[in-house]
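K.L.:
File protein19.cif follows (mmCIF, C-alpha atoms and all ligand atoms):
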```cif
data_query
loop_
_atom_site.label_atom_id
_atom_site.label_comp_id
_atom_site.auth_asym_id
_atom_site.auth_seq_id
_atom_site.Cartn_x
_atom_site.Cartn_y
_atom_site.Cartn_z
CA MET E 245 4.48 -29.91 6.99
CA LEU E 246 5.75 -26.46 7.92
CA THR E 247 8.44 -26.23 10.51
CA VAL E 248 8.03 -23.74 13.33
CA PRO E 249 11.46 -22.28 14.06
CA HIS E 250 12.89 -22.82 17.50
CA GLY E 251 11.67 -20.42 20.11
CA TRP E 252 8.82 -19.10 17.98
CA GLY E 253 6.42 -21.92 18.50
CA VAL E 254 2.76 -21.89 19.16
CA HIS E 255 1.79 -21.79 22.79
CA PRO E 256 0.58 -25.33 23.15
CA LYS E 257 -2.99 -25.87 24.13
CA GLY E 258 -3.24 -27.01 27.70
CA GLU E 259 -0.38 -24.77 28.74
CA GLY E 260 -3.17 -23.14 30.69
CA ARG E 261 -2.58 -20.49 33.28
CA LYS E 262 0.90 -19.05 33.37
CA ALA E 263 2.82 -18.13 36.50
CA VAL E 264 3.97 -15.02 34.61
CA PRO E 265 1.66 -14.48 31.66
CA ARG E 266 2.79 -12.19 28.83
CA VAL E 267 1.27 -9.98 26.16
CA TYR E 268 1.76 -11.00 22.52
CA PHE E 269 0.84 -9.05 19.42
CA ILE E 270 -1.13 -10.33 16.45
CA ASP E 271 -1.02 -7.68 13.76
CA VAL E 272 -3.99 -7.72 11.39
CA THR E 273 -2.91 -4.98 8.94
CA ASN E 274 -2.76 -7.48 6.07
CA ARG E 275 -6.32 -8.67 6.77
CA ASP E 276 -8.47 -6.10 8.62
CA GLY E 277 -6.38 -3.17 7.37
CA ASP E 278 -6.39 -4.47 3.81
CA GLN E 279 -10.19 -4.87 3.76
CA THR E 280 -10.71 -1.19 4.71
CA ALA E 281 -13.01 0.74 2.41
CA ARG E 282 -11.34 2.92 -0.29
CA ILE E 283 -7.79 1.64 0.32
CA GLY E 284 -5.89 -1.62 -0.06
CA LEU E 285 -2.50 -3.24 -0.54
CA ALA E 286 -0.78 -4.99 -3.43
CA LYS E 287 0.46 -8.50 -2.62
CA LEU E 288 4.08 -7.29 -2.85
CA GLN E 289 3.31 -4.58 -0.27
CA LYS E 290 1.67 -7.12 2.05
CA THR E 291 4.82 -9.22 1.72
CA VAL E 292 7.12 -6.34 2.69
CA ILE E 293 4.83 -5.57 5.66
CA ASN E 294 5.21 -9.21 6.80
CA GLN E 295 9.00 -8.80 6.52
CA LEU E 296 8.97 -5.57 8.55
CA LEU E 297 6.60 -7.00 11.18
CA GLY E 298 9.04 -9.89 11.54
CA GLU E 299 11.97 -7.50 12.00
CA LEU E 300 9.99 -5.67 14.69
CA GLY E 301 9.61 -9.01 16.49
CA ILE E 302 5.81 -9.24 16.32
CA HIS E 303 4.48 -12.65 17.37
CA GLN E 304 2.00 -13.21 14.53
CA SER E 305 0.72 -11.62 11.33
CA GLU E 306 -2.81 -12.32 10.19
CA PHE E 307 -1.65 -12.21 6.62
CA GLY E 308 -4.77 -12.76 4.55
CA PHE E 309 -7.70 -14.90 3.45
CA PRO E 310 -6.59 -18.45 2.56
CA PHE E 311 -9.96 -19.37 0.99
CA SER E 312 -9.81 -16.45 -1.46
CA PHE E 313 -8.45 -17.32 -4.94
CA HIS E 314 -6.40 -14.15 -5.43
CA GLU E 315 -4.72 -14.50 -2.03
CA ILE E 316 -3.54 -18.08 -2.52
CA PRO E 317 -0.35 -17.45 -4.60
CA TYR E 318 0.70 -14.65 -2.22
CA LEU E 319 0.11 -16.72 0.93
CA ASN E 320 2.05 -19.71 -0.37
CA ALA E 321 4.87 -17.49 -1.68
CA ASN E 322 5.16 -15.81 1.75
CA LEU E 323 5.40 -19.18 3.50
CA ALA E 324 8.13 -20.17 1.02
CA LEU E 325 9.94 -16.87 1.62
CA GLN E 326 9.82 -17.58 5.35
CA GLU E 327 11.31 -21.02 4.85
CA ARG E 328 14.17 -19.32 2.96
CA GLY E 329 14.71 -16.90 5.83
CA ALA E 330 13.52 -13.86 3.84
CA ILE E 331 10.69 -13.32 6.35
CA ARG E 332 11.68 -13.59 10.00
CA PRO E 333 9.94 -16.42 11.83
CA LEU E 334 6.74 -14.77 12.98
CA ILE E 335 3.62 -16.92 12.78
CA LEU E 336 1.75 -16.36 9.50
CA GLU E 337 -1.92 -17.01 10.14
CA GLY E 338 -4.98 -16.87 7.89
CA TRP E 339 -8.52 -15.66 8.59
CA CYS E 340 -11.52 -17.80 7.61
CA ARG E 341 -15.20 -17.83 8.35
CA ALA E 342 -15.91 -20.56 10.92
CA ILE E 343 -17.46 -22.84 8.35
CA VAL E 344 -16.12 -26.18 7.21
CA ALA E 345 -16.09 -25.17 3.51
CA ASP E 346 -13.71 -22.22 4.16
CA VAL E 347 -11.41 -24.34 6.30
CA LYS E 348 -11.24 -27.09 3.70
CA LEU E 349 -10.52 -24.62 0.90
CA ALA E 350 -7.79 -22.98 2.99
CA LEU E 351 -6.07 -26.24 3.89
CA GLU E 352 -6.40 -27.68 0.40
CA HIS E 353 -5.15 -24.69 -1.59
CA THR E 354 -2.58 -23.17 0.76
CA ARG E 355 0.11 -24.35 3.12
CA VAL E 356 -1.26 -22.01 5.83
CA ARG E 357 -1.46 -24.05 9.04
CA HIS E 358 -2.34 -21.34 11.56
CA LEU E 359 -5.96 -20.22 11.38
CA ASN E 360 -8.43 -17.87 13.03
CA LEU E 361 -12.03 -18.91 12.46
CA SER E 362 -14.68 -16.22 12.78
CA ILE E 363 -18.42 -16.30 13.48
CA SER E 364 -20.90 -13.78 14.90
CA THR E 365 -22.05 -14.42 18.47
CA SER E 366 -24.29 -11.48 19.49
CA ASP E 367 -28.06 -11.83 19.48
CA GLN E 368 -28.14 -8.67 17.37
CA MET E 369 -26.17 -10.38 14.58
CA LEU E 370 -27.86 -13.77 15.00
CA GLN E 371 -31.21 -12.05 14.51
CA SER E 372 -30.41 -9.33 12.02
CA LYS E 373 -27.34 -10.53 10.11
CA PHE E 374 -28.09 -14.26 10.02
CA ARG E 375 -31.84 -13.42 9.77
CA ALA E 376 -32.49 -15.80 12.70
CA ARG E 377 -31.33 -18.77 10.60
CA TYR E 378 -29.00 -19.90 13.37
CA SER E 379 -29.66 -20.21 17.09
CA ARG E 380 -26.92 -19.82 19.69
CA ALA E 381 -26.62 -23.63 19.79
CA GLU E 382 -26.25 -23.79 16.01
CA VAL E 383 -23.48 -21.19 16.10
CA LEU E 384 -21.62 -23.37 18.63
CA LYS E 385 -22.11 -26.37 16.34
CA MET E 386 -20.83 -24.56 13.22
CA MET E 387 -17.80 -23.27 15.10
CA SER E 388 -17.05 -26.72 16.58
CA GLU E 389 -17.29 -28.40 13.19
CA ALA E 390 -14.95 -25.79 11.68
CA VAL E 391 -12.42 -26.33 14.50
CA ASP E 392 -12.69 -30.11 14.03
CA ALA E 393 -12.06 -29.72 10.28
CA ALA E 394 -9.03 -27.52 10.96
CA LYS E 395 -7.62 -30.01 13.47
CA GLN E 396 -8.18 -32.94 11.14
CA GLY E 397 -6.58 -30.99 8.28
CA GLY E 398 -3.38 -30.47 10.27
CA ALA E 399 -3.80 -26.94 11.68
CA LEU E 400 -1.01 -26.15 14.13
CA SER E 401 -2.87 -23.40 15.97
CA ILE E 402 -6.48 -22.28 15.95
CA GLY E 403 -8.07 -19.12 17.28
CA VAL E 404 -11.85 -18.80 17.32
CA ASN E 405 -13.22 -15.31 16.77
CA ALA E 406 -16.42 -14.16 18.44
CA GLU E 407 -17.57 -11.37 16.13
CA ASP E 408 -19.45 -8.64 18.01
CA ALA E 409 -18.30 -10.15 21.33
CA SER E 410 -18.73 -6.78 23.05
CA ARG E 411 -22.50 -7.01 22.48
CA THR E 412 -22.68 -10.74 23.30
CA ASP E 413 -24.02 -12.14 26.57
CA VAL E 414 -20.90 -12.99 28.63
CA ASP E 415 -22.22 -16.35 29.79
CA TYR E 416 -22.71 -17.36 26.16
CA LEU E 417 -19.21 -16.12 25.30
CA VAL E 418 -17.82 -18.31 28.10
CA GLU E 419 -19.74 -21.27 26.68
CA PHE E 420 -18.41 -20.43 23.17
CA ALA E 421 -14.80 -20.38 24.44
CA GLY E 422 -15.21 -23.54 26.55
CA THR E 423 -16.70 -25.40 23.57
CA ALA E 424 -13.86 -24.20 21.33
CA ARG E 425 -11.30 -25.36 23.88
CA ALA E 426 -12.95 -28.78 24.16
CA HIS E 427 -12.56 -29.14 20.36
CA GLY E 428 -8.90 -28.17 20.45
CA ALA E 429 -8.83 -24.39 19.87
CA ASP E 430 -5.89 -22.47 21.35
CA ARG E 431 -7.29 -18.94 21.76
CA VAL E 432 -10.55 -17.03 21.64
CA ARG E 433 -10.73 -13.63 19.93
CA TYR E 434 -12.94 -11.06 21.66
CA CYS E 435 -13.99 -8.78 18.79
CA ASP E 436 -15.16 -5.34 19.76
CA THR E 437 -16.46 -5.15 16.23
CA LEU E 438 -18.30 -1.86 16.66
CA GLY E 439 -15.73 -0.27 18.95
CA CYS E 440 -18.37 0.15 21.66
CA ASP E 441 -16.43 -1.12 24.70
CA ASP E 442 -14.65 1.14 27.16
CA PRO E 443 -11.56 0.15 29.20
CA PHE E 444 -13.62 -0.70 32.30
CA SER E 445 -16.23 -2.83 30.53
CA ILE E 446 -13.71 -4.77 28.48
CA TYR E 447 -11.39 -5.49 31.43
CA ASP E 448 -14.27 -7.11 33.28
CA ARG E 449 -15.70 -9.01 30.30
CA ILE E 450 -12.37 -10.43 29.08
CA ASN E 451 -11.39 -11.34 32.65
CA ARG E 452 -14.61 -13.35 32.99
CA LEU E 453 -14.17 -14.87 29.52
CA ALA E 454 -10.61 -16.05 30.20
CA LYS E 455 -11.46 -17.46 33.63
CA GLY E 456 -14.68 -19.13 32.50
CA GLY E 457 -13.54 -20.28 29.07
CA GLY E 458 -10.10 -21.42 30.21
CA LEU E 459 -8.29 -19.97 27.19
CA PRO E 460 -5.96 -17.07 26.37
CA VAL E 461 -7.97 -14.19 24.88
CA GLU E 462 -7.20 -11.90 21.95
CA ALA E 463 -8.46 -8.32 22.31
CA HIS E 464 -9.58 -7.08 18.88
CA CYS E 465 -10.75 -3.49 19.21
CA HIS E 466 -12.05 -0.89 16.78
CA ASN E 467 -11.81 2.82 17.32
CA ASP E 468 -15.35 4.14 16.88
CA LEU E 469 -15.23 5.81 20.31
CA GLY E 470 -11.54 6.71 20.03
CA MET E 471 -10.69 4.08 22.65
CA ALA E 472 -9.30 1.15 20.64
CA VAL E 473 -5.85 1.37 22.23
CA ALA E 474 -7.13 1.94 25.77
CA ALA E 475 -9.67 -0.87 25.44
CA SER E 476 -7.06 -3.26 24.03
CA ILE E 477 -4.67 -2.62 26.92
CA ALA E 478 -7.42 -2.93 29.53
CA GLY E 479 -8.73 -6.11 27.89
CA ALA E 480 -5.24 -7.61 27.88
CA LEU E 481 -4.81 -6.77 31.57
CA GLY E 482 -8.15 -8.46 32.29
CA CYS E 483 -6.85 -11.62 30.61
CA LEU E 484 -3.46 -11.47 32.37
CA ASP E 485 -5.19 -11.04 35.73
CA ALA E 486 -7.14 -14.22 34.99
CA GLY E 487 -3.76 -15.96 34.66
CA TYR E 488 -3.59 -16.38 30.88
CA ASP E 489 -1.35 -14.96 28.17
CA ALA E 490 -3.05 -12.06 26.44
CA TYR E 491 -2.97 -11.25 22.73
CA ILE E 492 -3.61 -7.81 21.27
CA ASN E 493 -4.76 -7.38 17.67
CA THR E 494 -3.36 -4.25 16.05
CA THR E 495 -2.81 -2.58 12.72
CA VAL E 496 0.09 -0.39 11.62
CA ASN E 497 -0.86 3.29 12.09
CA GLY E 498 -4.30 2.13 13.29
CA ILE E 499 -5.53 1.71 9.70
CA GLY E 500 -8.78 -0.28 9.61
CA GLU E 501 -12.48 -0.26 8.91
CA ARG E 502 -14.37 2.98 9.70
CA ALA E 503 -12.43 4.78 12.47
CA GLY E 504 -9.70 2.14 12.40
CA ASN E 505 -8.21 -0.50 14.71
CA ALA E 506 -5.88 -0.33 17.71
CA ASP E 507 -2.59 1.23 16.57
CA LEU E 508 0.35 -1.19 16.93
CA LEU E 509 2.95 1.30 18.13
CA SER E 510 0.59 3.01 20.60
CA CYS E 511 -0.16 -0.35 22.22
CA LEU E 512 3.54 -1.31 22.37
CA LEU E 513 4.52 2.02 23.92
CA THR E 514 1.65 1.89 26.41
CA ILE E 515 2.75 -1.51 27.68
CA ARG E 516 6.36 -0.32 27.86
CA HIS E 517 5.70 3.05 29.52
CA ALA E 518 2.26 3.30 31.21
CA PRO E 519 2.12 2.62 34.95
CA SER E 520 -0.44 -0.23 35.02
CA ALA E 521 1.64 -2.38 32.67
CA GLN E 522 5.18 -1.01 32.89
CA SER E 523 6.27 -2.71 36.10
CA ARG E 524 5.03 -6.14 35.06
CA GLU E 525 7.56 -6.98 32.31
CA LEU E 526 4.80 -8.04 29.99
CA LEU E 527 6.43 -7.38 26.64
CA ASP E 528 7.74 -10.13 24.44
CA PRO E 529 11.57 -9.89 24.66
CA ARG E 530 11.87 -10.46 20.89
CA LEU E 531 10.47 -6.98 20.16
CA ASP E 532 12.80 -4.42 18.57
CA LEU E 533 11.03 -1.07 18.44
CA THR E 534 13.84 0.54 16.45
CA LYS E 535 12.10 -0.96 13.39
CA ALA E 536 8.84 0.89 14.15
CA TRP E 537 9.63 4.01 12.12
CA ARG E 538 10.40 2.09 8.91
CA LEU E 539 7.28 -0.08 9.29
CA ALA E 540 5.04 2.95 9.88
CA THR E 541 6.40 4.96 6.96
CA TYR E 542 6.43 2.04 4.52
CA THR E 543 2.84 1.12 5.42
CA ALA E 544 1.61 4.72 5.20
CA ASN E 545 3.06 4.98 1.68
CA ALA E 546 1.71 1.57 0.68
CA PHE E 547 -1.84 2.52 1.70
CA GLY E 548 -1.44 6.06 0.38
CA VAL E 549 -2.58 7.35 3.79
CA PRO E 550 -0.15 9.91 5.27
CA ILE E 551 0.82 9.62 8.94
CA PRO E 552 -1.01 12.36 10.90
CA LEU E 553 1.19 15.12 12.34
CA ASN E 554 0.24 14.12 15.89
CA GLN E 555 0.49 10.32 15.45
CA VAL E 556 1.92 8.52 18.48
CA GLY E 557 5.69 7.99 18.10
CA VAL E 558 5.92 8.42 14.33
CA GLY E 559 4.01 11.66 13.65
CA GLY E 560 5.91 14.71 12.44
CA ASN E 561 5.34 16.45 15.77
CA ALA E 562 5.94 13.46 18.07
CA PHE E 563 9.35 14.86 19.10
CA ALA E 564 9.02 18.52 18.01
CA HIS E 565 9.23 21.39 20.51
CA GLU E 566 8.63 25.00 19.55
CA SER E 567 6.94 26.91 22.38
CA GLY E 568 9.49 28.68 24.56
CA ILE E 569 8.88 26.88 27.83
CA HIS E 570 8.78 23.42 26.22
CA ALA E 571 11.82 23.97 24.02
CA ASP E 572 13.82 25.33 26.96
CA GLY E 573 12.79 22.39 29.14
CA ALA E 574 13.51 19.77 26.45
CA LEU E 575 16.94 21.27 25.79
CA LYS E 576 17.85 21.16 29.48
CA ASP E 577 16.73 17.56 29.82
CA ARG E 578 14.64 15.77 27.16
CA ARG E 579 12.88 13.90 29.94
CA ASN E 580 11.19 17.16 30.91
CA TYR E 581 8.89 16.89 27.89
CA GLU E 582 9.47 13.47 26.29
CA LEU E 583 8.18 10.17 27.62
CA TYR E 584 10.39 8.06 25.34
CA ASP E 585 13.24 8.71 22.91
CA CYS E 586 13.00 9.10 19.14
CA ASP E 587 15.92 6.70 18.57
CA GLU E 588 14.04 4.07 20.61
CA LEU E 589 11.67 3.96 17.59
CA GLY E 590 14.31 4.06 14.87
CA ARG E 591 13.99 7.79 14.27
CA GLY E 592 16.80 10.31 14.36
CA GLU E 593 18.81 9.33 11.28
CA PRO E 594 18.80 12.25 8.84
CA GLY E 595 16.63 11.30 5.85
CA VAL E 596 17.83 11.91 2.30
CA VAL E 597 15.37 13.72 0.06
CA GLU E 598 16.42 13.93 -3.57
CA THR E 599 15.98 17.46 -4.82
CA GLY E 600 17.83 17.12 -8.11
CA ARG E 601 18.04 14.38 -10.70
CA GLU E 602 16.52 11.12 -9.52
CA ILE E 603 16.39 7.86 -11.45
CA LEU E 604 13.42 5.75 -10.44
CA THR E 605 12.41 2.31 -11.53
CA GLY E 606 8.79 1.52 -12.34
CA THR E 607 6.28 0.36 -14.91
CA HIS E 608 7.91 2.07 -17.88
CA GLY E 609 11.52 1.67 -16.73
CA GLY E 610 14.36 0.37 -18.89
CA ALA E 611 17.52 -1.69 -18.39
CA ALA E 612 19.96 1.23 -17.99
CA GLY E 613 17.85 2.93 -15.33
CA LEU E 614 17.40 -0.35 -13.48
CA ALA E 615 21.15 -1.10 -13.53
CA HIS E 616 21.77 2.37 -12.05
CA VAL E 617 19.16 1.86 -9.29
CA LEU E 618 20.50 -1.63 -8.52
CA GLU E 619 23.98 -0.20 -8.09
CA THR E 620 23.06 2.92 -6.10
CA ARG E 621 20.34 1.40 -3.89
CA LEU E 622 21.44 -2.23 -3.48
CA GLY E 623 25.17 -2.01 -4.26
CA VAL E 624 24.91 -4.53 -7.14
CA GLN E 625 27.86 -4.08 -9.55
CA ASP E 626 27.75 -5.14 -13.23
CA PRO E 627 24.86 -7.61 -13.04
CA PRO E 628 24.59 -10.10 -15.93
CA ASP E 629 22.30 -8.90 -18.76
CA GLU E 630 19.97 -11.85 -18.43
CA ARG E 631 19.47 -11.18 -14.73
CA VAL E 632 18.73 -7.50 -15.44
CA ARG E 633 16.15 -8.44 -18.09
CA GLU E 634 14.38 -10.83 -15.72
CA THR E 635 14.45 -8.26 -12.92
CA LEU E 636 13.18 -5.52 -15.22
CA GLN E 637 10.10 -7.52 -16.13
CA LEU E 638 9.32 -8.16 -12.47
CA VAL E 639 9.96 -4.51 -11.60
CA GLN E 640 7.47 -3.43 -14.26
CA LEU E 641 4.83 -5.91 -13.06
CA ALA E 642 5.46 -4.95 -9.42
CA SER E 643 5.14 -1.27 -10.17
CA LEU E 644 1.94 -1.96 -12.08
CA SER E 645 0.52 -3.61 -8.94
CA THR E 646 1.62 -0.86 -6.52
CA GLN E 647 1.13 2.06 -8.95
CA ALA E 648 4.35 3.62 -7.66
CA PRO E 649 8.11 3.48 -8.23
CA LEU E 650 9.70 0.65 -6.27
CA THR E 651 11.02 1.09 -2.73
CA VAL E 652 14.36 -0.37 -1.68
CA GLU E 653 12.61 -3.20 0.19
CA GLU E 654 10.57 -4.13 -2.89
CA LEU E 655 13.57 -3.97 -5.21
CA ARG E 656 15.68 -6.11 -2.85
CA LEU E 657 12.94 -8.73 -2.65
CA ILE E 658 12.75 -8.89 -6.46
CA TRP E 659 16.52 -9.09 -6.85
CA GLU E 660 17.03 -11.77 -4.21
CA HIS E 661 13.89 -13.90 -4.72
CA PRO E 662 12.63 -13.42 -8.29
CA ASP E 663 10.97 -16.84 -8.41
CA LEU E 664 8.83 -16.06 -5.34
CA VAL E 665 8.05 -12.47 -6.34
CA ARG E 666 6.68 -13.64 -9.68
CA PRO E 667 3.52 -15.18 -8.11
CA LEU E 668 3.02 -12.00 -6.06
CA VAL E 669 2.90 -9.80 -9.14
CA THR E 670 1.26 -12.21 -11.61
CA LEU E 671 -1.06 -13.95 -9.10
CA ALA E 672 -0.06 -17.26 -10.72
CA ALA E 673 0.78 -20.26 -8.53
CA PRO E 674 4.45 -20.33 -7.41
ZN ZN E 701 -11.92 -6.00 12.95
#
```
Show me, as structure tokens, the structure contained in the file I just sent.
P.N.:
Amino acid sequence: MLTVPHGWGVHPKGEGRKAVPRVYFIDVTNRDGDQTARIGLAKLQKTVINQLLGELGIHQSEFGFPFSFHEIPYLNANLALQERGAIRPLILEGWCRAIVADVKLALEHTRVRHLNLSISTSDQMLQSKFRARYSRAEVLKMMSEAVDAAKQGGALSIGVNAEDASRTDVDYLVEFAGTARAHGADRVRYCDTLGCDDPFSIYDRINRLAKGGGLPVEAHCHNDLGMAVAASIAGALGCLDAGYDAYINTTVNGIGERAGNADLLSCLLTIRHAPSAQSRELLDPRLDLTKAWRLATYTANAFGVPIPLNQVGVGGNAFAHESGIHADGALKDRRNYELYDCDELGRGEPGVVETGREILTGTHGGAAGLAHVLETRLGVQDPPDERVRETLQLVQLASLSTQAPLTVEELRLIWEHPDLVRPLVTLAAP
């Protein structure tokens, strides 16, 4: 049985309405982001993202697919790394289809005990995706059976995902959530799968869903209309106004299917600085936004997708002033033209860019180069030969999986936890 560290527990079912409900973040970069067309992450990169999300103080990472054979070694290794303290105690949760077979596979082959179970709920998808094989009642039955299987298998928290919720009849969504609650689910995920909601529609629909279903709601928004962040915030406020904790699903840099998901940092900054949320002290006190810059840059490199110049908070121009009036105003008082500070996000330290000789460690690296990198990047002096040989093999395998020289985070993970990195880079059971 996994232990949930003190203070980071699951919100117990039945906690019900809160006197002062809060907003919590469930980042889905390692699931929704990773399944994006044309791009993807190596298991070692997903692991470092879990570490960095933990350092940022995010509540939960949806870290993969526990029924999928190639995810299993990575998921179990990450849970073991968390038990060792190498991943801060955020909740590591897996995504499954809401069918008993997926749940059983997940619980049998992994030690993942936090699950989100997903099934389509809109008439559009029941008719055209399921080819009318399942009625609304049958969808409720499949979802209930999956929740029962998860409970019986020892799941510690369960979210039920209504795929295409934004095109689902609200009364049916309420019935879906109420049924899930009766079977022991802890949250319902409102998936704006097509990104078709706007802030006004989603506020109203999630407010009705939370009140009627009697559960905290996760807002899961896509960006097809360019409103994923706005819709997520409005949806969360709708849930809070119903008296329940709200959860926002995000990805780092907004990476996700088609036009992407709600960007993590944009949502955090909106809740901290925008008038509708700012005065309500909604943010989880564990959050440390000074880690945002490192998370954004690591993830951009891992996906091979550069951060746009105008990206919120972490773009190259987010704190740049050139035009005369703006530069003059910012120099007199940065508050004239800046809503928040760059050091609030971990920016401001001068970066070092090697322009001369640089020794990297990667797929074709050797022992001497590795010893040099260990000393200069990690401060390791005169490591034993055997340890260097073992590390070198893992470095080569890791670099093969990421197709890049190793970052400091990756190298540190290999050096400190070679036994748990091995399954990440070989995909063999730990
Ligand atoms: Zn999605």
K.L.:
Residues within 10 Å of ligand ZN 701 (chain E), counting all atoms listed in the file: report them as a list in words.
P.N.:
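Based on all atoms listed in the file, ligand ZN 701 (chain E) is surrounded within 10 Å by Val272, Thr273, Arg275, Asp276, Gly277, Gln279, Thr280, Glu407, Asp408, Cys435, Asp436, Thr437, Leu438, Gly439, His464, Cys465, His466, Asn467, Asn493, Thr494, Thr495, Gly500, Glu501, Arg502, Gly504, Asn505 and Ala506 of chain E.
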K.L.:
I need the residue nearest Cys440 in chain E from this list: E:Leu453, E:Ala472, E:Ala399, E:Cys511. Use all atoms listed in the file for the distance.
P.N.:
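The closest residue to Cys440 in chain E is E:Ala472.
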K.L.:
Report, as AutoDock Vina command-line options, the axis-aligned box around all atoms of range 276-280 of chain E present in the file, extended by 5 Å on each side; give centre and edge lengths in Å to one decimal place.
P.N.:
```
--center_x -8.5 --center_y -3.6 --center_z 6.2 --size_x 14.3 --size_y 14.9 --size_z 14.9
```
K.L.:
Quick one, how far is CA of Asp278 in chain E from CA of Leu481 in chain E?
P.N.:
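Result for CA of Asp278 in chain E versus CA of Leu481 in chain E: 27.9 Å, one decimal.
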K.L.:
Between CA of Gly284 in chain E and CA of Ser312 in chain E, what distance in Å does the model show, to one decimal?
P.N.:
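Separating CA of Gly284 in chain E from CA of Ser312 in chain E is a distance of 15.4 Å.
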K.L.:
Using all atoms listed in the file, which of E:Ala330, E:Glu337, E:His565, E:Asn274 sits nearest Asn580 in chain E?
P.N.:
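Result for the nearest residue to Asn580 in chain E: E:His565.
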K.L.:
Enter the distance from CA of Ser364 in chain E to CA of Ala409 in chain E, in Å, rounded to one decimal.
P.N.:
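Between CA of Ser364 in chain E and CA of Ala409 in chain E the gap works out to 7.8 Å.
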K.L.:
Go through E:Thr605, E:Thr365, E:Thr412, E:Gln640 one by one, measure the shortest atom-to-atom distance of each to Thr670 in chain E using all atoms listed in the file, and give the residue with the smallest value.
P.N.:
E:Gln640
K.L.:
So that I can see what lies close to range 413-427 of chain E, please list as a count of residues only the residues with an atom at most 12 Å from it, counting all atoms listed in the file and leaving out residues fewer than 6 positions away in the same chain.
P.N.:
60
K.L.:
Write out as a PyMOL selection string the residues lying within 9 Å of Asp346 in chain E, counting all atoms listed in the file and excluding same-chain residues fewer than 3 positions away.
P.N.:
chain E and resi 310-312+340-343+349-351+390
K.L.:
Residues within 12 Å of Asp626 in chain E, please, as a list in words. Count all atoms listed in the file; anything in the same chain fewer than 3 positions from it doesn't count.
P.N.:
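Here the answer would be Ala611, Ala612, Leu614, Ala615, His616, Val617, Leu618, Glu619, Thr620, Leu622, Gly623, Asp629, Glu630, Arg631 and Val632 of chain E.
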K.L.:
Which residue gives the smallest distance to Ala546 in chain E among E:Leu288, E:Ile658, E:Leu334, E:Leu509, with only C-alpha atoms counted?
P.N.:
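Looking at the shortest contact to Ala546 in chain E, the residue is E:Leu288.
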K.L.:
Residues within 8 Å of Gly557 in chain E, please, as a ChimeraX atom specification. Count only C-alpha atoms; anything in the same chain fewer than 5 positions from it doesn't count.
P.N.:
/E:509-510,562-563,586,589
K.L.:
Which one of E:Leu296, E:Ala463, E:Ala564, E:Leu469 sits closest to Ala503 in chain E if you count all atoms listed in the file?
P.N.:
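Between E:Leu296, E:Ala463, E:Ala564, E:Leu469, the residue approaching Ala503 in chain E most closely is E:Leu469.
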K.L.:
Using only C-alpha atoms, can you tell me which of E:Pro627, E:Gly479, E:Gly548, E:Pro519 comes closest to Thr646 in chain E?
P.N.:
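Smallest separation from Thr646 in chain E among the options: E:Gly548.
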